[in-house]
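The file run.txt contains compact mmCIF, C-alpha atoms:
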```
# COMPACT_ATOMS: atom_id res chain seq x y z
CA MET I 154 -7.28 20.66 83.98
CA CYS I 155 -9.15 21.30 80.77
CA VAL I 156 -12.79 21.75 81.61
CA THR I 157 -13.77 20.71 78.11
CA CYS I 158 -12.35 17.18 78.08
CA GLY I 159 -10.96 16.68 81.56
CA CYS I 160 -7.39 16.11 80.46
CA GLY I 161 -4.37 17.46 82.32
CA GLN I 162 -3.41 20.07 79.73
CA ASP I 163 -4.45 23.69 80.20
CA SER I 164 -6.44 25.59 77.63
CA GLN I 165 -3.39 27.28 76.17
CA SER I 166 -1.52 24.07 75.38
CA GLU I 167 -0.46 24.02 71.74
CA ASN I 168 -1.70 20.52 70.92
CA HIS I 169 -4.88 20.77 72.88
CA HIS I 170 -7.99 21.05 70.73
CA HIS I 171 -11.21 19.17 70.30
CA ASN I 172 -12.00 19.67 66.67
CA GLU I 173 -10.32 18.82 63.40
CA PHE I 174 -8.88 21.84 61.63
CA TYR I 175 -7.25 22.16 58.26
CA ALA I 176 -4.43 24.14 56.71
CA HIS I 177 -5.58 27.43 55.27
CA ASN I 178 -4.63 27.59 51.62
CA HIS I 179 -3.75 31.14 50.66
CA GLU I 180 -3.70 31.64 46.93
CA HIS I 181 -2.12 34.93 46.03
CA GLN I 182 -0.31 36.52 43.16
CA HIS I 183 1.50 39.68 44.03
CA GLU I 184 4.73 41.53 43.78
CA HIS I 185 6.95 41.19 46.84
CA ILE I 186 8.65 44.06 48.59
CA HIS I 187 11.73 42.32 49.89
CA THR I 188 13.18 42.79 53.30
CA ASP I 189 14.82 39.35 53.38
CA VAL I 190 15.49 37.06 50.45
CA TYR I 191 14.66 33.37 50.20
CA ASN I 192 17.74 31.37 49.17
CA VAL I 193 17.26 27.60 49.16
CA SER I 194 20.35 25.74 50.30
CA PRO I 195 21.48 22.89 48.02
CA ASN I 196 21.09 20.27 50.79
CA ASN I 197 17.52 21.28 51.57
CA THR I 198 14.11 20.57 50.09
CA LEU I 199 11.68 23.45 49.75
CA LEU I 200 8.10 22.68 50.84
CA LYS I 201 5.41 25.20 49.96
CA LEU I 202 2.88 25.67 52.75
CA GLU I 203 1.10 29.00 52.12
CA GLN I 204 -0.57 28.69 55.49
CA SER I 205 -1.80 31.52 57.69
CA ILE I 206 0.03 31.77 61.00
CA LEU I 207 -3.35 32.44 62.58
CA ALA I 208 -5.05 29.44 60.98
CA LYS I 209 -5.57 27.68 64.31
CA ASN I 210 -7.07 30.80 65.89
CA ASP I 211 -9.27 31.39 62.87
CA ASP I 212 -10.54 27.80 62.96
CA PHE I 213 -11.55 28.22 66.60
CA ALA I 214 -13.12 31.56 65.68
CA LYS I 215 -15.28 29.77 63.10
CA LEU I 216 -16.34 27.23 65.73
CA ASN I 217 -17.22 30.04 68.12
CA LEU I 218 -19.25 31.85 65.47
CA SER I 219 -21.07 28.63 64.63
CA TYR I 220 -22.00 28.29 68.28
CA PHE I 221 -23.23 31.88 68.55
CA ASN I 222 -25.28 31.47 65.36
CA SER I 223 -26.79 28.17 66.47
CA GLU I 224 -27.78 29.76 69.79
CA HIS I 225 -28.96 32.98 68.11
CA LYS I 226 -26.66 34.98 70.36
CA VAL I 227 -25.22 38.23 69.05
CA ALA I 228 -21.53 38.14 70.00
CA LEU I 229 -19.61 41.36 70.52
CA ASN I 230 -15.89 41.78 71.17
CA LEU I 231 -15.34 44.88 73.33
CA VAL I 232 -11.85 46.34 73.14
CA SER I 233 -10.23 49.47 74.51
CA SER I 234 -7.29 50.88 76.40
CA PRO I 235 -7.31 50.01 80.10
CA GLY I 236 -9.77 52.26 81.95
CA ALA I 237 -11.85 53.44 78.97
CA GLY I 238 -14.99 52.14 80.66
CA LYS I 239 -15.86 48.78 79.10
CA THR I 240 -17.02 47.21 82.37
CA SER I 241 -19.01 50.29 83.39
CA LEU I 242 -20.67 50.26 79.97
CA LEU I 243 -21.57 46.59 80.40
CA GLU I 244 -23.02 47.29 83.85
CA GLN I 245 -25.35 49.89 82.35
CA THR I 246 -26.17 47.64 79.39
CA ILE I 247 -27.25 44.89 81.78
CA LYS I 248 -29.41 47.29 83.78
CA HIS I 249 -31.16 48.47 80.63
CA LEU I 250 -31.59 45.20 78.73
CA ALA I 251 -31.44 42.25 81.15
CA ALA I 252 -35.16 42.37 81.96
CA LYS I 253 -36.06 41.34 78.41
CA HIS I 254 -32.87 39.82 76.95
CA SER I 255 -30.36 37.17 77.97
CA LEU I 256 -27.01 38.86 78.53
CA VAL I 257 -23.83 36.91 79.18
CA VAL I 258 -20.31 38.27 79.59
CA ILE I 259 -17.00 36.52 78.94
CA GLU I 260 -14.48 38.55 80.93
CA GLY I 261 -10.84 38.72 79.85
CA ASP I 262 -8.22 40.08 82.26
CA GLN I 263 -4.63 39.20 82.94
CA HIS I 264 -5.43 38.56 86.59
CA THR I 265 -8.27 38.68 89.14
CA SER I 266 -12.00 38.20 88.80
CA LEU I 267 -12.89 41.71 89.90
CA ASP I 268 -14.76 42.56 86.70
CA THR I 269 -16.66 39.27 86.81
CA LYS I 270 -17.93 40.20 90.27
CA ARG I 271 -19.07 43.61 88.99
CA ILE I 272 -21.00 41.99 86.14
CA GLU I 273 -22.63 39.50 88.49
CA MET I 274 -23.60 42.34 90.86
CA ALA I 275 -25.19 44.11 87.90
CA GLY I 276 -27.33 41.04 87.25
CA ALA I 277 -25.77 38.97 84.46
CA TYR I 278 -23.79 35.74 84.20
CA ALA I 279 -20.06 36.24 83.73
CA TYR I 280 -17.28 33.75 82.96
CA GLN I 281 -13.75 34.85 83.78
CA ILE I 282 -10.73 34.09 81.60
CA ASN I 283 -7.38 35.05 83.14
CA THR I 284 -4.82 35.34 80.38
CA GLY I 285 -1.82 35.48 82.71
CA LYS I 286 1.18 36.59 80.67
CA SER I 287 -0.84 36.82 77.46
CA CYS I 288 -1.89 40.32 76.42
CA HIS I 289 -5.03 39.38 74.53
CA LEU I 290 -7.86 36.89 74.34
CA ASP I 291 -7.74 34.41 71.50
CA ALA I 292 -10.43 32.24 69.94
CA HIS I 293 -9.20 29.08 71.66
CA MET I 294 -9.66 30.68 75.09
CA VAL I 295 -13.17 31.83 74.15
CA ASN I 296 -13.98 28.36 72.80
CA HIS I 297 -13.20 26.87 76.22
CA ALA I 298 -15.62 29.32 77.84
CA LEU I 299 -18.58 28.33 75.69
CA PRO I 300 -19.60 25.12 77.52
CA HIS I 301 -19.88 27.17 80.72
CA LEU I 302 -22.37 29.68 79.37
CA PRO I 303 -26.02 29.38 80.43
CA LYS I 304 -28.10 27.39 77.96
CA ILE I 305 -30.53 30.20 77.15
CA TYR I 306 -31.46 30.74 73.53
CA GLY I 307 -31.00 34.18 72.06
CA GLY I 308 -29.71 37.39 73.56
CA PHE I 309 -26.17 38.74 73.61
CA VAL I 310 -22.69 37.55 74.51
CA PHE I 311 -20.27 40.34 75.33
CA ILE I 312 -16.60 39.39 75.27
CA GLU I 313 -14.76 42.01 77.28
CA ASN I 314 -11.21 41.77 75.99
CA VAL I 315 -8.01 42.60 77.86
CA GLY I 316 -7.43 46.36 78.01
CA ASN I 317 -5.00 46.76 75.11
CA LEU I 318 -5.38 48.60 71.79
CA ILE I 319 -2.65 46.70 69.94
CA CYS I 320 -2.60 42.92 70.33
CA PRO I 321 -6.33 42.08 70.42
CA SER I 322 -6.79 43.62 66.97
CA LEU I 323 -5.05 40.62 65.40
CA PHE I 324 -7.23 37.90 66.92
CA ASP I 325 -10.67 37.12 65.59
CA LEU I 326 -12.64 35.62 68.47
CA GLY I 327 -15.60 34.56 66.31
CA GLU I 328 -17.58 37.66 67.17
CA HIS I 329 -20.28 39.17 64.98
CA LEU I 330 -19.28 42.71 65.88
CA ARG I 331 -16.22 44.46 67.24
CA VAL I 332 -16.76 47.54 69.41
CA VAL I 333 -13.91 49.88 70.33
CA VAL I 334 -14.48 52.00 73.44
CA ILE I 335 -12.44 55.20 73.80
CA SER I 336 -12.86 57.78 76.53
CA VAL I 337 -12.56 61.55 76.25
CA THR I 338 -9.69 61.38 78.73
CA GLU I 339 -7.59 59.80 75.97
CA GLY I 340 -6.08 61.80 73.13
CA GLU I 341 -7.94 62.80 69.98
CA ASP I 342 -5.09 61.23 68.00
CA LYS I 343 -5.61 57.75 69.46
CA PRO I 344 -7.14 56.35 66.24
CA LEU I 345 -4.11 57.54 64.26
CA LYS I 346 -1.73 55.95 66.77
CA TYR I 347 -3.59 52.63 66.90
CA PRO I 348 -5.06 52.33 63.40
CA ASP I 349 -5.22 48.52 63.26
CA MET I 350 -7.77 48.41 66.06
CA PHE I 351 -9.89 51.30 64.83
CA TYR I 352 -9.89 49.93 61.29
CA SER I 353 -11.37 46.69 62.62
CA ALA I 354 -14.23 48.38 64.53
CA HIS I 355 -17.88 48.12 63.54
CA LEU I 356 -18.71 50.71 66.20
CA VAL I 357 -16.63 53.18 68.19
CA ILE I 358 -18.12 54.35 71.49
CA ILE I 359 -16.81 57.64 72.85
CA ASN I 360 -17.31 57.32 76.60
CA LYS I 361 -17.16 59.70 79.56
CA ILE I 362 -18.74 62.63 77.68
CA ASP I 363 -19.88 63.93 81.06
CA LEU I 364 -16.30 65.08 81.58
CA LEU I 365 -16.21 67.28 78.46
CA PRO I 366 -17.02 70.56 80.31
CA HIS I 367 -14.00 69.96 82.53
CA ILE I 368 -11.29 69.05 80.03
CA LYS I 369 -9.76 70.38 76.86
CA PHE I 370 -10.81 67.82 74.29
CA ASP I 371 -11.88 68.20 70.64
CA ILE I 372 -14.48 65.49 70.14
CA GLU I 373 -15.09 66.46 66.49
CA GLN I 374 -11.36 66.01 65.81
CA LEU I 375 -11.53 62.56 67.40
CA GLU I 376 -14.46 61.62 65.16
CA ASP I 377 -12.63 62.96 62.09
CA ASN I 378 -9.59 60.88 63.01
CA ILE I 379 -11.75 57.78 63.47
CA LYS I 380 -13.33 58.34 60.05
CA GLN I 381 -9.94 58.90 58.45
CA ILE I 382 -8.91 55.40 59.50
CA ASN I 383 -12.29 53.67 59.07
CA HIS I 384 -14.91 55.34 56.91
CA LYS I 385 -17.48 52.61 57.58
CA THR I 386 -17.54 52.52 61.37
CA GLN I 387 -20.42 54.02 63.32
CA ILE I 388 -19.72 56.31 66.24
CA LEU I 389 -21.74 56.86 69.41
CA ARG I 390 -21.13 59.36 72.20
CA LEU I 391 -22.26 58.44 75.70
CA SER I 392 -21.48 58.40 79.38
CA ALA I 393 -21.66 55.07 81.20
CA ALA I 394 -21.42 57.00 84.49
CA THR I 395 -24.46 59.26 83.94
CA THR I 396 -26.20 56.99 81.31
CA ASP I 397 -26.41 59.95 78.92
CA GLY I 398 -26.61 58.39 75.43
CA ILE I 399 -26.99 54.81 76.70
CA SER I 400 -30.29 54.38 74.87
CA HIS I 401 -28.51 55.00 71.53
CA TRP I 402 -26.18 52.10 72.39
CA THR I 403 -28.97 49.74 73.46
CA ASN I 404 -31.00 50.68 70.39
CA TRP I 405 -27.95 49.94 68.23
CA LEU I 406 -27.61 46.53 69.88
CA LEU I 407 -31.24 45.68 69.18
CA LEU I 408 -30.90 46.92 65.59
CA MET I 409 -27.86 44.69 65.08
CA GLN I 410 -29.73 41.77 66.62
CA GLY I 411 -32.51 42.28 64.10
CA ASN I 412 -30.01 42.46 61.25
CA ILE I 413 -28.02 39.36 62.28
CA PHE I 414 -31.03 37.24 63.32
CA PRO I 415 -34.03 38.64 61.41
CA PRO I 416 -37.34 37.59 62.92
CA SER I 417 -38.82 34.77 60.88
CA MET R 192 3.86 41.11 72.90
CA HIS R 193 1.61 39.09 70.61
CA GLU R 194 4.73 38.31 68.56
CA LEU R 195 5.47 35.63 71.17
CA SER R 196 2.06 34.14 70.50
CA LEU R 197 2.69 34.26 66.74
CA GLY R 198 6.07 32.58 67.12
CA THR R 199 4.45 29.85 69.19
CA ASN R 200 1.81 29.41 66.50
CA ILE R 201 4.47 28.99 63.80
CA ILE R 202 6.22 26.22 65.71
CA SER R 203 2.91 24.54 66.49
CA ILE R 204 1.93 24.50 62.80
CA LEU R 205 5.30 23.09 61.77
CA LYS R 206 5.30 20.42 64.49
CA GLN R 207 1.93 19.27 63.26
CA ARG R 208 3.09 19.29 59.65
CA LEU R 209 6.48 17.62 60.15
CA GLY R 210 6.00 15.48 63.23
CA LYS R 211 9.26 13.93 64.35
CA ASP R 212 10.95 15.35 61.25
CA ILE R 213 10.79 18.78 62.89
CA ASN R 214 14.48 18.30 63.63
CA LEU R 215 15.16 18.41 59.89
CA LEU R 216 13.76 21.93 59.69
CA ARG R 217 16.33 24.37 58.35
CA ALA R 218 14.44 27.46 57.20
CA ILE R 219 11.06 29.14 57.51
CA ASN R 220 10.00 31.70 54.92
CA LEU R 221 7.25 34.09 55.99
CA ALA R 222 5.24 36.58 53.95
CA VAL R 223 4.01 39.45 56.12
CA GLY R 224 1.71 42.12 54.73
CA GLU R 225 2.94 45.70 55.00
CA LEU R 226 -0.05 46.59 57.19
CA ALA R 227 0.05 43.44 59.31
CA ASN R 228 0.01 44.28 63.00
CA VAL R 229 3.35 42.71 63.81
CA ASP R 230 6.79 44.03 64.61
CA ILE R 231 9.22 42.00 62.50
CA ASP R 232 12.22 42.44 64.79
CA SER R 233 10.14 41.41 67.79
CA LEU R 234 8.80 38.39 65.89
CA LYS R 235 12.32 37.29 64.98
CA PHE R 236 13.49 37.79 68.56
CA TRP R 237 10.70 35.75 70.10
CA PHE R 238 10.86 33.10 67.38
CA ASN R 239 14.57 32.54 67.97
CA THR R 240 13.88 32.33 71.69
CA ILE R 241 11.26 29.65 71.06
CA LEU R 242 13.62 27.74 68.75
CA LYS R 243 16.19 27.55 71.55
CA GLU R 244 13.57 26.34 74.02
CA GLU R 245 12.48 23.68 71.52
CA LYS R 246 16.11 22.69 70.94
CA LEU R 247 15.76 23.37 67.23
CA TYR R 248 19.06 24.57 65.86
CA ASN R 249 20.27 25.92 62.53
CA VAL R 250 16.82 27.20 61.56
CA LYS R 251 16.76 30.45 59.63
CA LEU R 252 13.69 32.71 59.67
CA THR R 253 13.25 34.83 56.55
CA VAL R 254 10.54 37.49 56.30
CA VAL R 255 9.35 39.05 53.06
CA ILE R 256 7.06 42.08 53.31
CA THR R 257 4.21 42.01 50.81
CA PRO R 258 2.59 45.23 49.55
CA ALA R 259 -0.75 46.50 50.81
CA MET R 260 -3.50 47.43 48.40
CA ALA R 261 -6.70 49.43 48.85
CA MET R 262 -9.73 50.24 46.75
CA CYS R 263 -11.43 53.63 46.83
CA ILE R 264 -15.17 53.27 47.26
CA THR R 265 -15.77 56.74 45.80
CA CYS R 266 -13.89 56.50 42.50
CA GLY R 267 -13.02 52.79 42.23
CA LEU R 268 -9.25 53.30 42.02
CA GLN R 269 -7.09 50.46 43.33
CA PHE R 270 -3.80 51.67 44.74
CA ASN R 271 -0.86 50.80 46.99
CA VAL R 272 -1.06 51.95 50.61
CA HIS R 273 1.65 52.09 53.22
CA SER R 274 -0.46 53.07 56.22
CA TYR R 275 -4.07 53.17 57.35
CA MET R 276 -3.95 56.95 56.95
CA ASP R 277 -3.28 56.92 53.21
CA THR R 278 -6.07 58.48 51.18
CA CYS R 279 -7.05 57.86 47.57
CA PRO R 280 -4.42 59.51 45.33
CA LYS R 281 -7.05 60.31 42.70
CA CYS R 282 -10.00 61.78 44.64
CA HIS R 283 -8.21 62.22 48.02
CA ASN R 284 -11.04 60.61 49.97
CA CYS R 285 -10.67 58.38 53.04
CA THR R 286 -13.41 56.10 51.70
CA ARG R 287 -11.05 53.26 50.89
CA ASP R 288 -11.09 49.62 51.90
CA ILE R 289 -7.87 47.71 52.47
CA THR R 290 -8.01 44.70 50.13
CA SER R 291 -4.65 43.07 50.93
CA GLY R 292 -1.55 43.61 53.00
CA CYS R 293 -2.53 42.33 56.44
CA GLU R 294 -1.51 38.72 55.87
CA LEU R 295 0.75 36.60 58.05
CA ILE R 296 1.65 33.56 55.97
CA ILE R 297 4.13 30.72 56.21
CA GLU R 298 5.03 30.66 52.50
CA SER R 299 7.40 27.72 52.60
CA ILE R 300 9.88 25.82 54.70
CA GLU R 301 13.17 24.08 53.99
CA VAL R 302 13.94 20.68 55.41
CA ASN R 303 17.26 18.88 55.31
CA GLN R 304 17.24 16.01 52.84
```
Please go through the file and, once you have read it, give me the structure as structure tokens.
Amino acid sequence: MCVTCGCGQDSQSENHHHNEFYAHNHEHQHEHIHTDVYNVSPNNTLLKLEQSILAKNDDFAKLNLSYFNSEHKVALNLVSSPGAGKTSLLEQTIKHLAAKHSLVVIEGDQHTSLDTKRIEMAGAYAYQINTGKSCHLDAHMVNHALPHLPKIYGGFVFIENVGNLICPSLFDLGEHLRVVVISVTEGEDKPLKYPDMFYSAHLVIINKIDLLPHIKFDIEQLEDNIKQINHKTQILRLSAATTDGISHWTNWLLLMQGNIFPPS
Amino acid sequence: MHELSLGTNIISILKQRLGKDINLLRAINLAVGELANVDIDSLKFWFNTILKEEKLYNVKLTVVITPAMAMCITCGLQFNVHSYMDTCPKCHNCTRDITSGCELIIESIEVNQ
């Protein structure tokens, strides 16, 4: 049952939405590199649409962003490979900021609510989305989570995406900021192998730096590779396990909060 | 596997646009940017699977790849790129922004008259 309107359709039903949305008109003039060729059959009528395939997702993303802005909540989309340390990072973030700031987590996993339980144990509200066969969160799923969030003005909403460096890069969830978490146990060439995700990052967190003395890993090469893909992204090194560098992350969050919602 | 999700989106858009005339659909023409995060073969596979499930027959999916462009922040040059690793051909810097080439667009459709 949809918890938004009470109907029998689930949140992933194609025709299930609560807001009007419009076709996205894409005006473009460019030369085409052809892989296929359009040939209109004589019995057919050609209708020009010029509509983004992701128009529905992007419309829900706009609704989500409107919500976050109206509630003065900084929304972050955390993405990574499975096991990079997103949940551990959130646990430490809660411990360091929850005393003075409202922190809410929207948890995305294929199955289970294990991460939701960890967030609740750390001291923050968490809402679980199980994507089932889907390999990513989309804006529609996040939109259905919004009515469940505590009605507390301000603070942060962390959307912990499904562990996957490919598919989530395509789906705007309505976040203000996208944070990619990579651990030193992954390869230095990860940004080159998954450029779409790293290109979309506002911040890249290099986690598990406590393990550096024990492994062969060139962290400078990783940072060079990140910058080769995305010259604008910021990079932080930290360890969620030992909390080394956590204050740089929490300071960054507060700086972003001040930038997005300047004090009046 | 997000190509399945994209294929589902395409059908959803066209059902909304055509209504009961969806059965008159005969071709879908897509424009996909060269840097768009989608595997074309996978998209075609999943889309054809969805068409069968929807009992839509004789529908052809055509995909045209559109070029990707970038602008160098250092020297201002605008140039074609084929990957996120391409640097500016003039000053060889990585300080470039992708300005187009990530689009996923339904350009047009054909319906039987």
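Taking CA of Tyr248 (chain R) and CA of Ser205 (chain I) as endpoints, the distance between them is 23.5 Å.
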Pick from R:Val272, R:Ala218, R:Leu242, R:Asp212 nearest to chain I, counting only C-alpha atoms: R:Ala218
What residues in chain R lie within 6 Å of chain I, counting all atoms listed in the file, written as a PyMOL selection string? chain R and resi 193+201+253-257+275-276+285-286+295-304
Could you tell me which of R:Asp288, R:Glu194, R:Glu294, R:Glu245 comes closest to Leu268 (chain R) if we count all atoms listed in the file? R:Asp288
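CA of Lys239 (chain I) to CA of Phe311 (chain I) spans 10.2 Å [interatomic distance, one decimal].
The coordinates place CA of Leu365 (chain I) at 25.2 Å from CA of Ile247 (chain I).
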Using only C-alpha atoms for the distances, tell me which of R:Ser203, R:Phe236, R:Cys263, R:Cys293 is nearest to Lys281 (chain R). R:Cys263
Contacts of region 328-337 of chain I at 8 Å (all atoms listed in the file; same-chain gap of 5+ positions) as number ranges by chain: I: 214, 217-218, 227-234, 237-239, 350-351, 353-362, 364-365, 370, 372
Set the distance at 12 Å and use all atoms listed in the file: which residues neighbour Thr396 (chain I) once local chain neighbours fewer than 4 positions away are removed? I'd like the list as a ChimeraX atom specification. /I:241-246,248-249,360-363,390-392,400-403
May I ask which of the residues I:Ala275, I:Leu250, I:Leu299, I:Leu318 is the closest one to Leu406 (chain I), counting all atoms listed in the file?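 Using all atoms listed in the file, the shortest distance to Leu406 (chain I) belongs to I:Leu250.
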Of the candidates R:Ile231, R:Ala222, R:Ile241, R:Ile289, which shows the shortest atom-to-atom distance to Leu195 (chain R), using only C-alpha atoms?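 The shortest atom-to-atom distance to Leu195 (chain R) comes from R:Ile241.
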